[in-house]
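Enquirer: Quick one: the structure is below, questions incoming.
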Amino acid sequence: MTKSALVIGGGIAGIQASLDLADRDIHVYLVEKLPTIGGTMSRLDKTFPTNDCSACILSPKMADCIGHPNITTLTFHEVMKVEGKAGDFKVTVKKKARYVDPSNCTACGDCLAKCPSKGIPDEFEYNLATRRAIYIPHAQAVPRVAIIDAANCKKIQEDKCGVCAKICQKKAISYEDKDEEIQIEVGSIIAAPGFKAWSADVATEYGYGRFKNVVTALEFERMMCASGPERGHITVPSSHEEPKKIAFIQCCGSRSEKKDWKKYCSSVCCMYATKQAMITKEHANVQEDIFFMDIRSYGKEFEAYIDRAQKEYGIRMHRSARVSNVDEDPETKKLIVNFTNSDGEGASEEYDIVVLSIGLNPPEDAEKLAKILGIELNEFGFCKTNVYNPLNTTKEGIFVTGAFAAPKDIPTSVAEASGSAGKAGAYIVDDKFIPRAPKEYPAEKDVEGKEPRIGVWVCHCGINIGSVVDVPAVAEYAKSLPNVVLSRQSQYACAQDCLEEISRAIQEDDLNRVVVASCTPRTHEPLFREACRDGGLNKYLFNMANIRDQCSWIHMHAREAATEKAKDLLRMAIAKAALLEPLVGSEIAVTKSAAVIGGGITGMTAALDIAAQGIPVHIIEKKKELGGFVLNFHHKEDGKDVAEFVKDLIAKVEANKNITVHTGATVKDIPGFVGNFKVIADGCEEISVGAILFATGAAQYNPSEYNYGRDKKVMTHLEVESALADGSFKGKNVAFIQCVGSRNDTVKYCSRVCCAGSLRNAIQIKMKDPTANVTIIHKDIRTYGFREELYNKASSLGVKFLRYSVDGAMPDYTGDVVKAHDTILGRDIEIPVDTLVLAAGLNPIREEKEELAKMVKVPISKDGFFFEAHQKLRPVDFATEGVYVAGTAHWPKFMDECIAQGSGAAARMLTTISKDKLISEGIVAVSNPDLCDGCGICEGCCDYNAITIVTGEDGRLKSNVNPGLCKGCGSCVASCPAAAMEQRGFRNKQIIAEIDALFNKAGA
Amino acid sequence: MSEFEPKIVAFCCNWCSYAGADGAGVARLQMPTNFRIIRTMCSARVDPEFILRSLAKGADGVIVLGCHPADCHYIGGNYRARRRIALVRMVLEQYGFDPKRLKLEWVSASEGEKFQKTLTEFVETIKTLGPTPLQQEDE
């Protein structure tokens, strides 16, 4: 029997991992201990550095997840026991009593309004609001069903109430519900339980819990959020007035030896605090101050974000400012922040709100989960991994993703989630693997040339529609409209009985169109479309009128007008329905093989992951040998020489019979589209592949500064590493200058890896010769995550640190002495040196990337790296389908991050190339060759390169839409001056029919 | 004569503004009943013809709602919508319509309240402008 996969944790990482597995026809159990999926991301207002609305970008993923036929989403379930081994785990899962049957609950909310147990702190809102004992966790909850908090329910505790069961017309509530245990069998497991925010109660010096106006960053996120308890109006908690001054205190719970604080850096707080300050500024004119030690904006476009925050938003950054404590003025409740300023002097300032940038800790039940899974945790209590296998736990067949391995941001979690999914899939897909069979439906009836016969259902939604809109009148009215052969009312159209009625009526009453007037198609269209398919009707012959969310709920006090509006909306929906046509996605054959361009560790990792699933891979490397940038490394990581790791990796690649290596080969062109690319390269024959990975890496910046190349005392950190390894390093007075070729006027970004690189070399020098004088001259030390240990170790070994100005000039070098302005001491310092090490940043090799980018029409970021489809949620995809990016070609990153991202890209590629064919979306654009005169406006309009201008049979230019690439936005349709372009499902005549029906009350 | 109740067509993109309109409903934010929503997948699908047709049929105002800049589900559709609407407004003016009868606004999926505010204000604007000039000619 084919095994399923298990994903533990329904946050963004768990959702992504589940979707990637499910898209390969692997069945997934997604177990989430809370009543809803979405994790921390569902509680955020915006996300950095794009300020995307968190709910907007997460909701489609959650909907995909809950509706995916290959995913069994088990919310409010918990993993209790895991037995067996990789490929054959037996897992016991506890289904916790919810007291509401999720399959019956319609989220109408009737029960919530009547529950007498009020004032219970709302966990979703971090206790900033209250809820009742029966509640729907939040507005965008997935699944959107109610749950009873048994501890606070009078009926369950005292057998005294039962109002909710009486009021529920769907009889969805059962007080008898009990916890149950279920057994599942899985081939592999992905642990994605996320993190726990540091408990701010520990920070008594900052007054959290004592002073009302001191809030944590997560609480502040809810205060900012349009769907939060204050609807996005940020007010001072004590007075409910608009704040004039807000302070953000960084590193709360992080980077400290204090008791119950963590030594590591939480990686994300600098960025999220800056985001919060920027968004707040957009809401109101507030003075905002951020107090930090180092600003750690190491990620893609982060540095530019911090720059904007200061220059465009006027946010004040207090560098090297550690806040000693916060006091409160008992009268005004204003907060006095006492801090050491960058000159080393004591200072204080008054604020209305203080936001604590709390760090990320291991999840609450990390130890329990580790015990259940039989995996080890690291010294900080996070899941133990190693640099070379960042997605593997210590137990075979169990993988880790997201913040459970280390504090990390959303895009890193998403890329890793895909990577873990790829690895987990390898334990399930083998010779005996049977892909999940698609559901069988009756044959679709032929509606071609037939008069429309429309069936209409108007939903009461309990009292949600019915108490405002006169549903019987609307249903009766529908009967008078053209093409309507039946019109019925339903208490709950989405209930199983009504869905079956719809399927039956399609057969019995020979319906060929169905219209339901109820809630929103965003949540319910798939359900009704499914009912149509069950009745033998093409799912695109269904249409919906939104008379709840967009009518009865927003016009509760205008019953007559709302009823009129419901009639209009239904008439419009019926008019469009009459013109709907059956649609089928087109099939696109897939070449089941992949090309990886670049044979560094990223490319080799991806190739091995793909080859492990039995799919052929071609590695195309322009150099004569595999290995890439890491061939320059001479150090150990996690007790193993990097060089040895690379040697092993190359040997594995070369021994793998599914991998063909083409060295000395330069790519010249990549014609084709998803599933059907050709790679044309010098030095090898033409290769046909279904997907392409750009893992072309980056190079070290070649310094023009400090007489490098002429002065033998001046070296790059890679050269020092090499000299340390072969024993030729003799430096006694060594200075490192950071940010050479980074964070300046020409190269604006941070190269991310240089701080840790310099620290590693500085530690080596000090270990070898404790009498050596080593100074690191820097702007900020950016050892995020557990890399902070390097900083601590270097400090304890006596490495000196000197901070030079972020905006000012680079330090001077005379040939024997480095002169730098120490911003902390406020004076110039002279450091005699016999060795000057330049922390040279990473160069994206823009020209090479531009060449490749043109071949498949993908964008390059302003810094010269490849630019992915979506910075948060599609970190390794391009908007051009079938083309992916990973490693330092995407952005500077560490080796473990490259490996994880390489695995992530491999898994994303597998979702395409593990299939024989792809089915395109039905609502695509089509061009009418009789009307098209080949002007090409549509081609320029298409962001997906789906349109090409080709020469037609008559020798005239015509536009041609590739349905495999079209996403169905309809932009080209609106641009066509000849009305030749049309969008299926949203044809001009269909939308015009809606408009005309609106203004033509009598119907036809 | 009773107070003028404008008829407004609102085009909403599927991913942001239609979801924002639903969000307004979920939060039970009350607003005037004068508008009817037509859903398109992207604000860039809104053909100038739809706007002109609505006005020709007697709409007193048309509002197009899309994703915020940089948030478009289809990468850059909202930018195209913005350019097109600017042109349509110029055309409208030439035909004697006050360009304020056509509005473009960004509403994200989480901005139920902005949806409410935008529609409420637009209804007010149109009330101030009075009935469509087409209807005034008829009368």
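We label chains A, B, ... in the order they appear in the structure tokens, count residues from 1 in each chain, and number ligands from 1 in the order shown.
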Run DSSP on the backbone of this structure and report the residues of region 48-104 of chain B it assigns to alpha helix (DSSP H), as a list in words.

Expert: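 Filtering region 48-104 of chain B to alpha helix (DSSP H) leaves Pro48, Glu49, Phe50, Ile51, Leu52, Arg53, Ser54, Leu55, Ala56, Lys57, Gly77, Asn78, Tyr79, Arg80, Ala81, Arg82, Arg83, Arg84, Ile85, Ala86, Leu87, Val88, Arg89, Met90, Val91, Leu92, Glu93 and Gln94 of chain B.
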
Enquirer: Could you save the residues just selected, with C-alpha atoms, as a PDB file, in the first residue's frame?

Expert:
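Okay, result14.pdb is ready:
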ATOM      1  CA  PRO B  48     -13.119  50.537 -20.929  1.00  0.00           C
ATOM      2  CA  GLU B  49     -16.174  49.232 -22.771  1.00  0.00           C
ATOM      3  CA  PHE B  50     -17.605  47.937 -19.477  1.00  0.00           C
ATOM      4  CA  ILE B  51     -17.336  51.377 -17.947  1.00  0.00           C
ATOM      5  CA  LEU B  52     -18.854  53.135 -20.939  1.00  0.00           C
ATOM      6  CA  ARG B  53     -21.593  50.519 -21.208  1.00  0.00           C
ATOM      7  CA  SER B  54     -22.498  50.960 -17.531  1.00  0.00           C
ATOM      8  CA  LEU B  55     -22.737  54.722 -17.935  1.00  0.00           C
ATOM      9  CA  ALA B  56     -24.650  54.423 -21.187  1.00  0.00           C
ATOM     10  CA  LYS B  57     -27.144  52.100 -19.509  1.00  0.00           C
ATOM     11  CA  GLY B  77      -2.346  44.134 -13.665  1.00  0.00           C
ATOM     12  CA  ASN B  78      -3.308  46.933 -11.315  1.00  0.00           C
ATOM     13  CA  TYR B  79      -0.773  49.243 -12.924  1.00  0.00           C
ATOM     14  CA  ARG B  80      -2.395  48.620 -16.288  1.00  0.00           C
ATOM     15  CA  ALA B  81      -5.805  49.304 -14.776  1.00  0.00           C
ATOM     16  CA  ARG B  82      -4.484  52.561 -13.402  1.00  0.00           C
ATOM     17  CA  ARG B  83      -3.245  53.704 -16.808  1.00  0.00           C
ATOM     18  CA  ARG B  84      -6.468  52.696 -18.543  1.00  0.00           C
ATOM     19  CA  ILE B  85      -8.746  54.364 -16.028  1.00  0.00           C
ATOM     20  CA  ALA B  86      -6.788  57.595 -16.364  1.00  0.00           C
ATOM     21  CA  LEU B  87      -7.461  57.534 -20.105  1.00  0.00           C
ATOM     22  CA  VAL B  88     -11.132  56.635 -19.733  1.00  0.00           C
ATOM     23  CA  ARG B  89     -11.596  59.574 -17.385  1.00  0.00           C
ATOM     24  CA  MET B  90     -10.219  61.892 -20.057  1.00  0.00           C
ATOM     25  CA  VAL B  91     -12.636  60.434 -22.583  1.00  0.00           C
ATOM     26  CA  LEU B  92     -15.544  60.796 -20.180  1.00  0.00           C
ATOM     27  CA  GLU B  93     -14.810  64.430 -19.672  1.00  0.00           C
ATOM     28  CA  GLN B  94     -14.959  65.011 -23.406  1.00  0.00           C
TER      29      GLN B  94
END

Enquirer: Produce a table with one row for each residue of chain A that has an atom at most 7 Å from any atom of chain B, each row naming the nearest atom pair and its distance in Å at one decimal; use only C-alpha atoms; arrange rows by chain and rising residue number; format as JSON lines.

Expert:
{"residue": "A:Asp52", "atom": "CA", "partner": "B:Asp71", "partner_atom": "CA", "distance": 6.3}
{"residue": "A:Ala55", "atom": "CA", "partner": "B:Ser110", "partner_atom": "CA", "distance": 6.4}
{"residue": "A:Cys56", "atom": "CA", "partner": "B:Ala109", "partner_atom": "CA", "distance": 5.3}
{"residue": "A:Ala139", "atom": "CA", "partner": "B:Val26", "partner_atom": "CA", "distance": 6.9}
{"residue": "A:Ala226", "atom": "CA", "partner": "B:Glu111", "partner_atom": "CA", "distance": 6.0}
{"residue": "A:Ser227", "atom": "CA", "partner": "B:Ser110", "partner_atom": "CA", "distance": 6.3}
{"residue": "A:Asp549", "atom": "CA", "partner": "B:Gly25", "partner_atom": "CA", "distance": 4.3}
{"residue": "A:Gln550", "atom": "CA", "partner": "B:Gly25", "partner_atom": "CA", "distance": 5.8}
{"residue": "A:Trp553", "atom": "CA", "partner": "B:Gly25", "partner_atom": "CA", "distance": 5.0}
{"residue": "A:Ile554", "atom": "CA", "partner": "B:Gln30", "partner_atom": "CA", "distance": 4.5}
{"residue": "A:His555", "atom": "CA", "partner": "B:Gln30", "partner_atom": "CA", "distance": 5.6}
{"residue": "A:Ala561", "atom": "CA", "partner": "B:Thr33", "partner_atom": "CA", "distance": 6.5}
{"residue": "A:Ala562", "atom": "CA", "partner": "B:Thr33", "partner_atom": "CA", "distance": 6.7}
{"residue": "A:Leu569", "atom": "CA", "partner": "B:Arg36", "partner_atom": "CA", "distance": 6.9}
{"residue": "A:Asp943", "atom": "CA", "partner": "B:Ile75", "partner_atom": "CA", "distance": 6.7}
{"residue": "A:Cys969", "atom": "CA", "partner": "B:Cys42", "partner_atom": "CA", "distance": 5.3}
{"residue": "A:Gly970", "atom": "CA", "partner": "B:Arg45", "partner_atom": "CA", "distance": 4.6}
{"residue": "A:Ser971", "atom": "CA", "partner": "B:Ala44", "partner_atom": "CA", "distance": 4.7}
{"residue": "A:Val973", "atom": "CA", "partner": "B:Arg45", "partner_atom": "CA", "distance": 6.6}
{"residue": "A:Ala974", "atom": "CA", "partner": "B:Asp47", "partner_atom": "CA", "distance": 4.3}
{"residue": "A:Ile992", "atom": "CA", "partner": "B:Phe50", "partner_atom": "CA", "distance": 6.5}
{"residue": "A:Ile995", "atom": "CA", "partner": "B:Ser54", "partner_atom": "CA", "distance": 6.1}
{"residue": "A:Phe999", "atom": "CA", "partner": "B:Lys57", "partner_atom": "CA", "distance": 6.3}

Enquirer: Would you output that residue set with C-alpha atoms, as a compact mmCIF listing (two decimals), in the first residue's frame?

Expert:
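result_19.txt was written with the following content:
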# COMPACT_ATOMS: atom_id res chain seq x y z
CA ASP A 52 2.46 42.85 1.54
CA ALA A 55 -3.74 37.79 5.10
CA CYS A 56 -3.93 38.53 1.37
CA ALA A 139 -12.30 36.32 10.62
CA ALA A 226 -7.11 46.04 9.85
CA SER A 227 -8.78 42.84 11.04
CA ASP A 549 -21.18 38.91 2.61
CA GLN A 550 -21.84 41.65 0.06
CA TRP A 553 -24.35 41.52 6.16
CA ILE A 554 -23.61 45.06 5.04
CA HIS A 555 -27.20 46.31 4.76
CA ALA A 561 -33.23 47.91 -0.37
CA ALA A 562 -31.21 44.79 0.46
CA LEU A 569 -27.37 40.49 -8.05
CA ASP A 943 3.38 39.42 -17.41
CA CYS A 969 -6.06 37.70 -15.49
CA GLY A 970 -7.68 39.09 -18.63
CA SER A 971 -5.36 42.05 -18.92
CA VAL A 973 -8.43 41.15 -23.31
CA ALA A 974 -9.07 44.65 -22.07
CA ILE A 992 -21.80 43.04 -20.55
CA ILE A 995 -24.18 45.13 -16.76
CA PHE A 999 -30.13 48.13 -15.66

Enquirer: Which neighbours of Ser552 (chain A) fall inside 8 Å, counting only C-alpha atoms, when residues of the same chain fewer than 4 positions from it are skipped, and could you give them as a list in words?

Expert: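 So, after excluding close chain neighbours, the residues are Asn464, Ile465, Val468, Val469, Ile547, Arg548, Met556 and Ala562 of chain A.
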
Enquirer: Can I get the selected residues back with C-alpha atoms, as a PDB file, in the first residue's frame?

Expert:
ATOM      1  CA  ASN A 464     -27.823  35.433   8.058  1.00  0.00           C
ATOM      2  CA  ILE A 465     -29.474  36.219   4.774  1.00  0.00           C
ATOM      3  CA  VAL A 468     -32.517  40.832   6.150  1.00  0.00           C
ATOM      4  CA  VAL A 469     -33.315  39.736   2.610  1.00  0.00           C
ATOM      5  CA  ILE A 547     -26.126  38.053  -1.293  1.00  0.00           C
ATOM      6  CA  ARG A 548     -24.667  37.462   2.180  1.00  0.00           C
ATOM      7  CA  MET A 556     -28.710  44.886   7.929  1.00  0.00           C
ATOM      8  CA  ALA A 562     -31.213  44.791   0.460  1.00  0.00           C
TER       9      ALA A 562
END

Enquirer: Could you tell me which of A:Thr216, A:Thr814, A:Asn707, A:Gln491 comes closest to Gln276 (chain A) if we count only C-alpha atoms?

Expert: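 Closest to Gln276 (chain A) of all the choices is A:Thr216.
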
Enquirer: Set the distance at 9 Å and use only C-alpha atoms: which residues neighbour Ala978 (chain A) once local chain neighbours fewer than 2 positions away are removed? I'd like the list as a PyMOL selection string.

Expert: chain A and resi 931-933+976+980-981

Enquirer: Please identify all polymer residues within 9 Å of region 376-384 of chain A, counting only C-alpha atoms, omitting same-chain residues fewer than 3 positions from it, and present them as a ChimeraX atom specification.

Expert: /A:195,262-264,361-363,366-367,370-371,373,390,392-395,400,403-407,786

Enquirer: My list of candidates is B:Phe122, B:Leu134, B:Phe115, B:Cys12. Which is closest to Tyr95 (chain B) when distances are computed with only C-alpha atoms?

Expert: B:Leu134

Enquirer: Can you tell me, as number ranges by chain, what residues are no more than 9 Å from Trp891 (chain A) when counting only C-alpha atoms, ignoring any on the same chain fewer than 3 positions away?

Expert: A: 299-300, 697-698, 751-752, 844, 865-866, 886-888

Enquirer: Would you compute the distance between CA of Ser199 (chain A) and CA of Thr340 (chain A)? Give it in Å to one decimal.

Expert: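 If I compute the distance from CA of Ser199 (chain A) to CA of Thr340 (chain A), I get 24.1 Å.
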
Enquirer: Please identify all polymer residues within 9 Å of Ile66 (chain A), counting only C-alpha atoms, omitting same-chain residues fewer than 6 positions from it, and present them as a PyMOL selection string.

Expert: chain A and resi 37+72-73+142-143

Enquirer: Looking only at strand (DSSP E) from DSSP on the backbone, list the matching residues of region 378-482 of chain A as a count of residues only.

Expert: 9

Enquirer: Compare A:Ala437, A:Ile680, A:Ala197, A:Val747 by their minimum atom-to-atom distance to Leu360 (chain A), counting only C-alpha atoms, and give me the closest one.

Expert: A:Ala197
